[in-house]
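Coordinates from upload-v8.cif are shown below (mmCIF, C-alpha atoms).
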```
data_my_file
loop_
_atom_site.label_atom_id
_atom_site.label_comp_id
_atom_site.auth_asym_id
_atom_site.auth_seq_id
_atom_site.Cartn_x
_atom_site.Cartn_y
_atom_site.Cartn_z
CA MET U 1 -48.99 51.43 -40.96
CA THR U 2 -48.31 51.89 -37.25
CA HIS U 3 -47.57 55.22 -35.62
CA ARG U 4 -43.91 54.25 -35.12
CA GLN U 5 -43.56 53.30 -38.80
CA LYS U 6 -45.06 56.65 -39.79
CA GLN U 7 -42.52 58.40 -37.57
CA TRP U 8 -39.67 56.53 -39.25
CA LEU U 9 -41.03 57.33 -42.71
CA VAL U 10 -41.38 61.03 -41.89
CA ARG U 11 -37.83 61.22 -40.47
CA ILE U 12 -36.42 59.35 -43.47
CA LEU U 13 -38.10 61.75 -45.92
CA ILE U 14 -37.19 64.91 -43.99
CA GLY U 15 -33.62 63.73 -43.35
CA GLY U 16 -33.14 62.59 -46.95
CA LEU U 17 -34.36 65.88 -48.41
CA ALA U 18 -32.27 67.85 -45.92
CA GLY U 19 -29.26 65.72 -46.86
CA VAL U 20 -29.73 66.49 -50.55
CA ALA U 21 -30.18 70.21 -49.87
CA LEU U 22 -27.09 70.38 -47.63
CA LEU U 23 -24.76 68.04 -49.50
CA VAL U 24 -25.40 69.42 -53.00
CA PRO U 25 -23.32 72.59 -52.39
CA VAL U 26 -20.87 70.77 -50.10
CA GLY U 27 -20.44 67.95 -52.62
CA GLY U 28 -19.91 70.42 -55.43
CA LEU U 29 -17.09 72.08 -53.51
CA PHE U 30 -15.54 68.73 -52.64
CA ASN U 31 -15.76 67.52 -56.24
CA ASP U 32 -13.76 70.49 -57.49
CA LEU U 33 -11.64 72.02 -54.80
CA VAL U 34 -10.80 69.80 -51.86
CA SER U 35 -8.29 67.61 -53.65
CA GLY U 36 -6.19 70.68 -54.37
CA GLY U 37 -7.08 72.55 -51.23
CA LEU U 38 -9.62 75.35 -51.04
CA LEU U 39 -6.91 77.82 -50.19
CA ALA U 40 -4.14 76.40 -52.33
CA MET U 41 -2.70 78.46 -55.11
CA GLY U 42 -3.52 77.51 -58.68
CA ASN U 43 -6.42 77.29 -61.09
CA HIS U 44 -9.53 75.30 -60.24
CA THR U 45 -12.22 73.88 -62.47
CA PRO U 46 -15.69 75.44 -62.44
CA PHE U 47 -18.23 74.24 -59.88
CA ARG U 48 -19.28 70.66 -60.71
CA LEU U 49 -22.16 68.87 -59.02
CA VAL U 50 -21.04 65.38 -60.09
CA SER U 51 -17.51 64.15 -59.55
CA TYR U 52 -15.38 63.01 -62.50
CA ASP U 53 -14.85 59.61 -60.85
CA LEU U 54 -18.56 58.96 -60.54
CA GLU U 55 -19.23 60.10 -64.11
CA ARG U 56 -16.70 57.60 -65.39
CA LEU U 57 -18.40 54.82 -63.42
CA ALA U 58 -22.09 55.64 -63.89
CA GLY U 59 -22.16 57.81 -67.00
CA PRO U 60 -25.47 59.65 -67.49
CA ALA U 61 -26.85 58.17 -64.26
CA ALA U 62 -24.05 59.73 -62.20
CA LEU U 63 -26.23 62.63 -61.02
CA ALA U 64 -28.98 60.27 -59.85
CA VAL U 65 -26.43 58.07 -58.05
CA GLN U 66 -24.85 61.02 -56.28
CA LEU U 67 -28.19 62.53 -55.25
CA GLY U 68 -29.27 59.07 -54.05
CA LEU U 69 -26.17 58.85 -51.86
CA TYR U 70 -26.92 62.28 -50.44
CA PHE U 71 -30.51 61.24 -49.72
CA LEU U 72 -29.33 58.00 -48.07
CA MET U 73 -26.88 59.85 -45.82
CA GLY U 74 -29.53 62.37 -44.80
CA ALA U 75 -32.06 59.59 -44.19
CA VAL U 76 -29.86 57.62 -41.79
CA VAL U 77 -29.06 60.82 -39.90
CA GLY U 78 -32.77 61.70 -39.76
CA VAL U 79 -33.62 58.27 -38.32
CA SER U 80 -31.06 58.77 -35.56
CA THR U 81 -33.31 61.43 -34.00
CA LEU U 82 -35.75 58.67 -32.94
CA PRO U 83 -35.12 56.35 -29.98
CA PHE U 84 -34.21 52.89 -31.23
CA ALA U 85 -35.49 50.93 -28.20
CA ASP U 86 -36.66 51.25 -24.60
CA ASP U 87 -34.27 48.80 -22.92
CA GLY U 88 -30.52 49.17 -22.75
CA ALA U 89 -29.32 45.99 -24.47
CA THR U 90 -31.61 46.39 -27.48
CA LEU U 91 -30.73 50.07 -27.69
CA VAL U 92 -27.01 49.27 -27.86
CA ARG U 93 -27.47 46.60 -30.54
CA ARG U 94 -29.68 48.76 -32.73
CA SER U 95 -27.44 51.79 -32.26
CA LEU U 96 -24.39 49.79 -33.34
CA ALA U 97 -26.32 48.49 -36.37
CA HIS U 98 -27.36 52.05 -37.26
CA PHE U 99 -23.79 53.25 -36.89
CA ALA U 100 -22.64 50.48 -39.27
CA VAL U 101 -25.25 51.56 -41.85
CA THR U 102 -24.29 55.22 -41.46
CA ALA U 103 -20.58 54.40 -41.79
CA GLY U 104 -21.35 52.35 -44.91
CA ALA U 105 -23.32 55.23 -46.45
CA LEU U 106 -20.48 57.63 -45.66
CA THR U 107 -17.92 55.24 -47.16
CA LEU U 108 -19.95 54.93 -50.38
CA MET U 109 -20.34 58.69 -50.58
CA VAL U 110 -16.64 59.36 -50.00
CA CYS U 111 -15.35 56.67 -52.37
CA LEU U 112 -17.86 56.92 -55.23
CA CYS U 113 -17.85 60.71 -55.22
CA GLY U 114 -14.05 60.77 -55.26
CA TRP U 115 -13.64 62.54 -51.95
CA ASN U 116 -10.86 60.20 -50.79
CA TRP U 117 -8.58 61.30 -53.68
CA GLY U 118 -7.26 57.79 -54.20
CA ARG U 119 -6.04 57.43 -50.62
CA TRP U 120 -7.51 55.62 -47.62
CA VAL U 121 -6.32 58.06 -44.94
CA PRO U 122 -9.07 60.68 -45.54
CA LEU U 123 -11.72 57.95 -45.37
CA VAL U 124 -10.40 56.79 -42.01
CA ALA U 125 -10.49 60.42 -40.81
CA TYR U 126 -14.10 60.80 -41.95
CA LEU U 127 -15.11 57.61 -40.13
CA PHE U 128 -13.21 58.74 -37.04
CA LEU U 129 -15.11 62.03 -36.98
CA LEU U 130 -18.37 60.14 -37.47
CA ALA U 131 -17.53 57.93 -34.48
CA LEU U 132 -16.78 61.04 -32.42
CA VAL U 133 -20.14 62.56 -33.32
CA TYR U 134 -21.89 59.33 -32.36
CA ALA U 135 -20.05 59.22 -29.05
CA LEU U 136 -20.93 62.87 -28.46
CA ILE U 137 -24.64 62.18 -29.05
CA TRP U 138 -24.54 59.18 -26.72
CA LEU U 139 -22.79 61.11 -23.97
CA VAL U 140 -25.11 64.12 -24.34
CA ARG U 141 -28.15 61.85 -24.02
CA TRP U 142 -26.58 60.19 -21.00
CA ALA U 143 -25.88 63.60 -19.45
CA ILE U 144 -29.49 64.71 -20.03
CA TRP U 145 -30.81 61.50 -18.51
CA ASN U 146 -28.44 61.84 -15.56
CA SER U 147 -29.50 65.46 -14.98
CA GLU U 148 -33.17 64.43 -15.02
CA VAL U 149 -32.47 61.74 -12.42
CA GLU U 150 -30.61 64.28 -10.27
CA ALA U 151 -33.52 66.73 -10.56
CA MET U 152 -35.98 64.06 -9.38
CA ARG U 153 -33.70 63.15 -6.49
CA LYS U 154 -33.46 66.80 -5.43
CA LYS U 155 -37.24 67.12 -5.43
CA LEU U 156 -37.38 64.06 -3.18
CA GLY U 157 -34.77 65.59 -0.88
CA LEU U 158 -32.05 63.16 -1.97
CA ILE U 159 -29.14 65.43 -2.84
CA PRO U 160 -26.68 63.38 -4.92
CA LYS U 161 -23.00 63.76 -4.22
CA PRO U 162 -20.78 64.68 -7.18
CA SER U 163 -18.29 62.08 -8.36
CA GLN U 164 -14.69 62.37 -7.22
CA TRP U 165 -12.94 65.11 -9.19
CA LYS U 166 -16.31 65.30 -11.02
CA TRP U 167 -15.11 62.81 -13.62
CA LYS U 168 -18.65 61.65 -14.48
CA GLU U 169 -19.73 65.23 -15.04
CA THR U 170 -16.69 65.87 -17.25
CA LEU U 171 -17.07 62.68 -19.31
CA PRO U 172 -19.55 64.08 -21.91
CA SER U 173 -17.07 66.82 -22.85
CA ILE U 174 -14.42 64.38 -24.16
CA PRO U 175 -15.81 64.03 -27.73
CA VAL U 176 -16.24 67.81 -27.94
CA ILE U 177 -12.63 68.31 -26.83
CA LEU U 178 -11.45 65.88 -29.51
CA LEU U 179 -13.50 67.66 -32.16
CA ILE U 180 -12.04 71.03 -31.18
CA CYS U 181 -8.47 69.87 -30.56
CA LEU U 182 -8.10 67.33 -33.39
CA GLY U 183 -11.10 67.39 -35.75
CA LEU U 184 -11.13 71.14 -36.37
CA PRO U 185 -7.40 71.59 -37.15
CA TRP U 186 -7.46 68.47 -39.36
CA LEU U 187 -10.43 69.90 -41.32
CA LEU U 188 -8.71 73.28 -41.71
CA ARG U 189 -5.49 71.62 -42.85
CA LEU U 190 -7.52 69.52 -45.30
CA LEU U 191 -9.17 72.58 -46.81
CA GLU U 192 -5.86 74.38 -47.12
CA GLY U 193 -4.28 71.49 -49.02
CA GLY U 194 -0.76 72.45 -50.01
CA GLY U 195 -1.34 76.15 -49.51
CA MET U 196 -0.20 78.43 -46.72
CA PRO U 197 -1.38 77.03 -43.34
CA LEU U 198 -3.03 80.28 -42.27
CA PHE U 199 -6.29 78.97 -40.82
CA SER U 200 -4.84 75.80 -39.25
CA GLY U 201 -1.87 77.82 -38.01
CA ALA U 202 -2.14 81.24 -36.43
CA ILE U 203 -5.95 81.58 -36.62
CA TYR U 204 -6.64 78.18 -35.08
CA VAL U 205 -3.93 78.24 -32.42
CA GLY U 206 -4.45 81.87 -31.44
CA LEU U 207 -8.22 82.19 -31.81
CA LEU U 208 -10.30 79.07 -32.50
CA LEU U 209 -8.62 76.74 -30.00
CA PRO U 210 -8.87 79.05 -26.95
CA ILE U 211 -12.40 80.18 -27.81
CA GLY U 212 -13.58 76.59 -28.26
CA CYS U 213 -12.02 75.31 -25.04
CA MET U 214 -13.28 78.31 -23.12
CA ALA U 215 -16.86 78.06 -24.46
CA VAL U 216 -17.20 74.35 -23.63
CA GLY U 217 -15.65 74.96 -20.20
CA MET U 218 -18.12 77.74 -19.41
CA PHE U 219 -21.03 75.48 -20.33
CA LEU U 220 -19.63 72.65 -18.22
CA GLY U 221 -18.97 74.91 -15.24
CA GLU U 222 -22.42 76.44 -15.43
CA TRP U 223 -24.04 73.00 -15.26
CA HIS U 224 -21.79 71.15 -12.82
CA GLY U 225 -19.59 73.68 -11.11
CA PHE U 226 -15.79 73.68 -11.24
CA CYS U 227 -14.51 70.49 -12.89
CA PRO U 228 -10.72 70.25 -12.37
CA LEU U 229 -10.21 67.49 -14.93
CA TYR U 230 -11.56 69.55 -17.84
CA PRO U 231 -8.49 71.78 -18.46
CA VAL U 232 -6.25 68.72 -18.13
CA LEU U 233 -8.28 66.92 -20.81
CA CYS U 234 -7.99 70.00 -23.05
CA ALA U 235 -4.21 69.94 -22.74
CA VAL U 236 -4.09 66.19 -23.41
CA GLY U 237 -6.52 66.57 -26.32
CA VAL U 238 -4.13 68.72 -28.38
CA LEU U 239 -1.32 66.14 -28.20
CA PRO U 240 -2.48 64.07 -31.22
CA ALA U 241 -2.83 67.22 -33.33
CA VAL U 242 0.64 68.43 -32.36
CA PHE U 243 2.36 65.24 -33.51
CA LEU U 244 0.09 64.50 -36.50
CA LEU U 245 -0.47 67.98 -37.94
CA TYR U 246 2.06 70.36 -36.43
CA ASP U 247 5.54 70.15 -34.96
CA HIS U 248 6.75 69.13 -31.52
CA THR U 249 8.30 72.57 -31.07
CA ILE U 250 4.86 74.09 -30.37
CA LEU U 251 3.84 71.35 -27.94
CA ILE U 252 4.22 73.49 -24.82
CA LEU U 253 2.51 76.47 -26.45
CA MET U 254 -0.58 74.56 -27.60
CA CYS U 255 -0.91 72.64 -24.33
CA ALA U 256 -0.61 75.89 -22.38
CA ILE U 257 -3.25 77.60 -24.53
CA ALA U 258 -5.65 74.67 -24.25
CA PHE U 259 -5.11 74.24 -20.49
CA GLY U 260 -5.32 77.96 -19.72
CA SER U 261 -8.42 78.66 -21.80
CA GLY U 262 -10.13 75.51 -20.47
CA LEU U 263 -9.32 76.49 -16.88
CA LEU U 264 -10.55 80.04 -17.43
CA GLY U 265 -13.76 78.83 -19.08
CA VAL U 266 -14.76 76.26 -16.46
CA ALA U 267 -13.90 78.68 -13.64
CA ALA U 268 -15.94 81.48 -15.26
CA GLY U 269 -18.89 79.15 -15.74
CA ALA U 270 -18.73 77.80 -12.19
CA TRP U 271 -18.48 81.21 -10.51
CA PRO U 272 -22.13 82.33 -11.03
CA ARG U 273 -23.32 78.85 -9.97
CA LYS U 274 -21.31 78.98 -6.75
CA LYS U 275 -22.54 82.50 -6.07
CA LYS U 276 -26.16 81.37 -6.55
CA GLU U 277 -25.67 78.35 -4.23
CA ASP U 278 -24.14 80.58 -1.54
#
```
How does the structure come out when it is put into structure tokens?
Amino acid sequence: MTHRQKQWLVRILIGGLAGVALLVPVGGLFNDLVSGGLLAMGNHTPFRLVSYDLERLAGPAALAVQLGLYFLMGAVVGVSTLPFADDGATLVRRSLAHFAVTAGALTLMVCLCGWNWGRWVPLVAYLFLLALVYALIWLVRWAIWNSEVEAMRKKLGLIPKPSQWKWKETLPSIPVILLICLGLPWLLRLLEGGGMPLFSGAIYVGLLLPIGCMAVGMFLGEWHGFCPLYPVLCAVGVLPAVFLLYDHTILILMCAIAFGSGLLGVAAGAWPRKKKED
């Protein structure tokens, strides 16, 4: 067995075991509560590790099937921590193949464990969030690589000029903005089910949204200075959530909160950097 094969085997085992350990409690909650909403009013069944749908399909082997799905999902995530190739074209092909396997494992887990509740919309949402996470990882790796290249150029006395409006520097923040502005309120609305929209309403709009946009903006400003496109992207990022999850009457409010908190965050992060450069 080569060293690379040993690395893959170790990551598969660690990721698979971590997947089982993490998804056992999460899966139990999903099996019992998500279909009715964690915060919805009404009686819920006791905590069940195996879903009713999977028990009807697999019978006594349902537990083994569900744990196997958890292990598979953890394994494919564990493998993703290793570089797939050294050249760009091969890396893209293998990454797309790995994404297809991961999406297939997620689809099996959602459908066989009954997490889609007989509808296809939640499955599409899960796959959309998975694609966002993949894009986020890709953009973060690209940002790290780009920062390393810039550091080498600075040591050589070649000071790189920032892109116009710093759009390249802002690009890696797009998946994070979508997760905060669309993924998070969708998840909160999902957990609430038909209950009172407390978390996806006042708590998200008044607390989680501004804190998230501000935190990402401070990180971006600290690394790259003031990026004027970031608050604009925050305001644009809440538009899908407004029309899909909320009501058009709060459009101006949510856009203003996202834009203002993003502007404050990126300005606060850029201020110490500018002071240090001066």
Which residues of range 66-107 of chain U come within 8 Å of range 126-141 of chain U, and what is each one's closest atom pair and distance in Å (one decimal), counting only C-alpha atoms, sorted by chain and residue number, as a Markdown table?
```
| residue | atom | partner | partner_atom | distance |
| --- | --- | --- | --- | --- |
| U:Phe99 | CA | U:Tyr134 | CA | 7.8 |
| U:Ala103 | CA | U:Leu127 | CA | 6.6 |
| U:Leu106 | CA | U:Leu127 | CA | 7.7 |
| U:Thr107 | CA | U:Leu127 | CA | 7.9 |
```
Resolved residues for the PyMOL selection byres ((chain U and resi 76) around 9) as number ranges by chain: U: 11-12, 15-16, 71-75, 77-80, 98-99, 101-102, 105
Nearest to Gly88 in chain U, chosen from U:Val232, U:Gly206, U:Trp142, U:Arg153, with all atoms listed in the file counted in the distances: U:Trp142
Find the residues of range 224-272 of chain U that sit at most 10 Å from range 165-173 of chain U; for each, write down the nearest two atoms and how far apart they are in Å, to one decimal. Count only C-alpha atoms. Sort by chain, then by number going up, and give it as CSV.
```
residue,atom,partner,partner_atom,distance
U:His224,CA,U:Glu169,CA,6.6
U:Gly225,CA,U:Lys166,CA,9.0
U:Phe226,CA,U:Lys166,CA,8.4
U:Cys227,CA,U:Lys166,CA,5.8
U:Pro228,CA,U:Trp165,CA,6.4
U:Leu229,CA,U:Trp165,CA,6.8
U:Tyr230,CA,U:Thr170,CA,6.3
U:Leu233,CA,U:Ser173,CA,9.0
U:Cys234,CA,U:Ser173,CA,9.6
```
Contacts of range 209-220 of chain U at 9 Å (all atoms listed in the file; same-chain gap of 6+ positions) as number ranges by chain: U: 169-170, 173, 176-177, 180-181, 184-185, 203, 226-227, 230-231, 234, 254, 257-270
Distance criterion (all atoms listed in the file): nearest to Pro197 in chain U out of U:Leu245, U:His3, U:Gly28, U:Pro83: U:Leu245
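CA of Leu207 in chain U sits 22.4 Å away from CA of Glu222 in chain U.
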Answer key for the PyMOL selection byres ((chain U and resi 52-56) around 10), residues as a count of residues only: 21
Coordinates-based distance that separates CA of Met109 in chain U from CA of Ala18 in chain U (Å, one decimal):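 Between CA of Ala18 in chain U and CA of Met109 in chain U the gap works out to 15.7 Å.
Restricting the calculation to only C-alpha atoms, the smallest distance between Gln5 in chain U and any of U:Leu29, U:Leu82, U:Pro162, U:Ala21 is found for U:Leu82.
CA of Ala100 in chain U is found 15.8 Å from CA of Ala125 in chain U.
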Nearest residue to Ile14 in chain U from the set U:Leu67, U:Leu96, U:Thr81, U:Ala151 (distances using all atoms listed in the file):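 Smallest distance to Ile14 in chain U is found for U:Thr81.
Closest approach to Ile250 in chain U from the set U:Gly221, U:Leu156, U:Val205, U:Leu108 is made by U:Val205, with distances taken over only C-alpha atoms.
Counting only C-alpha atoms and comparing U:Thr90, U:Gly157, U:Gly237, U:Leu123, the residue that lies closest to Leu179 in chain U is U:Gly237.
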Centre and size of axis-aligned box enclosing range 122-130 of chain U plus 6 Å each side, as AutoDock Vina command-line options:
```
--center_x -13.7 --center_y 59.4 --center_z -41.3 --size_x 21.3 --size_y 17.2 --size_z 20.6
```
Kindly add all heavy atoms to the incomplete range 219-230 of chain U and provide the output as a tab-separated table (two decimals), in the frame of the given file.
```
chain	number	residue	atom	x	y	z
U	219	PHE	N	-19.80	76.27	-20.36
U	219	PHE	CA	-21.03	75.48	-20.33
U	219	PHE	C	-20.96	74.39	-19.27
U	219	PHE	O	-21.90	74.17	-18.51
U	219	PHE	CB	-21.27	74.86	-21.71
U	219	PHE	CG	-22.50	74.02	-21.80
U	219	PHE	CD1	-23.74	74.60	-21.98
U	219	PHE	CD2	-22.42	72.64	-21.70
U	219	PHE	CE1	-24.89	73.82	-22.04
U	219	PHE	CE2	-23.56	71.85	-21.77
U	219	PHE	CZ	-24.80	72.45	-21.94
U	220	LEU	N	-19.81	73.71	-19.20
U	220	LEU	CA	-19.63	72.65	-18.22
U	220	LEU	C	-19.66	73.20	-16.79
U	220	LEU	O	-20.30	72.62	-15.90
U	220	LEU	CB	-18.31	71.93	-18.49
U	220	LEU	CG	-17.96	70.76	-17.58
U	220	LEU	CD1	-18.96	69.63	-17.76
U	220	LEU	CD2	-16.54	70.26	-17.89
U	221	GLY	N	-18.98	74.32	-16.57
U	221	GLY	CA	-18.97	74.91	-15.24
U	221	GLY	C	-20.32	75.43	-14.80
U	221	GLY	O	-20.68	75.34	-13.62
U	222	GLU	N	-21.09	75.94	-15.76
U	222	GLU	CA	-22.42	76.44	-15.43
U	222	GLU	C	-23.35	75.31	-14.98
U	222	GLU	O	-24.21	75.50	-14.12
U	222	GLU	CB	-23.01	77.16	-16.64
U	222	GLU	CG	-24.35	77.83	-16.39
U	222	GLU	CD	-24.86	78.56	-17.61
U	222	GLU	OE1	-24.12	78.64	-18.61
U	222	GLU	OE2	-26.01	79.03	-17.57
U	223	TRP	N	-23.17	74.13	-15.58
U	223	TRP	CA	-24.04	73.00	-15.26
U	223	TRP	C	-23.58	72.24	-14.02
U	223	TRP	O	-24.41	71.80	-13.22
U	223	TRP	CB	-24.10	72.04	-16.45
U	223	TRP	CG	-25.16	72.42	-17.44
U	223	TRP	CD1	-25.03	73.28	-18.49
U	223	TRP	CD2	-26.52	71.97	-17.47
U	223	TRP	NE1	-26.21	73.39	-19.19
U	223	TRP	CE2	-27.15	72.60	-18.58
U	223	TRP	CE3	-27.26	71.10	-16.69
U	223	TRP	CZ2	-28.49	72.38	-18.90
U	223	TRP	CZ3	-28.59	70.87	-17.02
U	223	TRP	CH2	-29.19	71.51	-18.10
U	224	HIS	N	-22.29	72.05	-13.86
U	224	HIS	CA	-21.79	71.15	-12.82
U	224	HIS	C	-20.81	71.79	-11.85
U	224	HIS	O	-20.26	71.07	-11.01
U	224	HIS	CB	-21.12	69.93	-13.47
U	224	HIS	CG	-22.04	69.13	-14.35
U	224	HIS	ND1	-23.10	68.41	-13.87
U	224	HIS	CD2	-22.05	68.96	-15.70
U	224	HIS	CE1	-23.73	67.81	-14.87
U	224	HIS	NE2	-23.11	68.13	-15.99
U	225	GLY	N	-20.56	73.06	-11.98
U	225	GLY	CA	-19.59	73.68	-11.11
U	225	GLY	C	-18.17	73.46	-11.62
U	225	GLY	O	-17.95	73.00	-12.75
U	226	PHE	N	-17.18	73.78	-10.80
U	226	PHE	CA	-15.79	73.68	-11.24
U	226	PHE	C	-15.39	72.22	-11.38
U	226	PHE	O	-15.46	71.44	-10.43
U	226	PHE	CB	-14.87	74.39	-10.24
U	226	PHE	CG	-13.44	74.41	-10.68
U	226	PHE	CD1	-13.03	75.28	-11.68
U	226	PHE	CD2	-12.51	73.55	-10.12
U	226	PHE	CE1	-11.71	75.31	-12.10
U	226	PHE	CE2	-11.19	73.57	-10.53
U	226	PHE	CZ	-10.80	74.44	-11.53
U	227	CYS	N	-14.95	71.85	-12.58
U	227	CYS	CA	-14.51	70.49	-12.89
U	227	CYS	C	-13.01	70.53	-13.17
U	227	CYS	O	-12.59	70.95	-14.26
U	227	CYS	CB	-15.27	69.93	-14.09
U	227	CYS	SG	-17.06	69.85	-13.88
U	228	PRO	N	-12.19	70.09	-12.22
U	228	PRO	CA	-10.72	70.25	-12.37
U	228	PRO	C	-10.11	69.42	-13.47
U	228	PRO	O	-9.02	69.73	-13.94
U	228	PRO	CB	-10.19	69.83	-11.00
U	228	PRO	CG	-11.25	68.93	-10.43
U	228	PRO	CD	-12.56	69.46	-10.94
U	229	LEU	N	-10.79	68.34	-13.89
U	229	LEU	CA	-10.21	67.49	-14.93
U	229	LEU	C	-10.37	68.08	-16.32
U	229	LEU	O	-9.65	67.68	-17.24
U	229	LEU	CB	-10.87	66.10	-14.90
U	229	LEU	CG	-10.59	65.24	-13.67
U	229	LEU	CD1	-11.33	63.92	-13.77
U	229	LEU	CD2	-9.09	65.01	-13.51
U	230	TYR	N	-11.30	69.03	-16.50
U	230	TYR	CA	-11.56	69.55	-17.84
U	230	TYR	C	-10.34	70.22	-18.47
U	230	TYR	O	-9.98	69.89	-19.61
U	230	TYR	CB	-12.75	70.50	-17.82
U	230	TYR	CG	-12.97	71.18	-19.14
U	230	TYR	CD1	-13.51	70.48	-20.22
U	230	TYR	CD2	-12.61	72.51	-19.34
U	230	TYR	CE1	-13.70	71.09	-21.45
U	230	TYR	CE2	-12.79	73.12	-20.57
U	230	TYR	CZ	-13.32	72.41	-21.61
U	230	TYR	OH	-13.49	73.03	-22.84
```
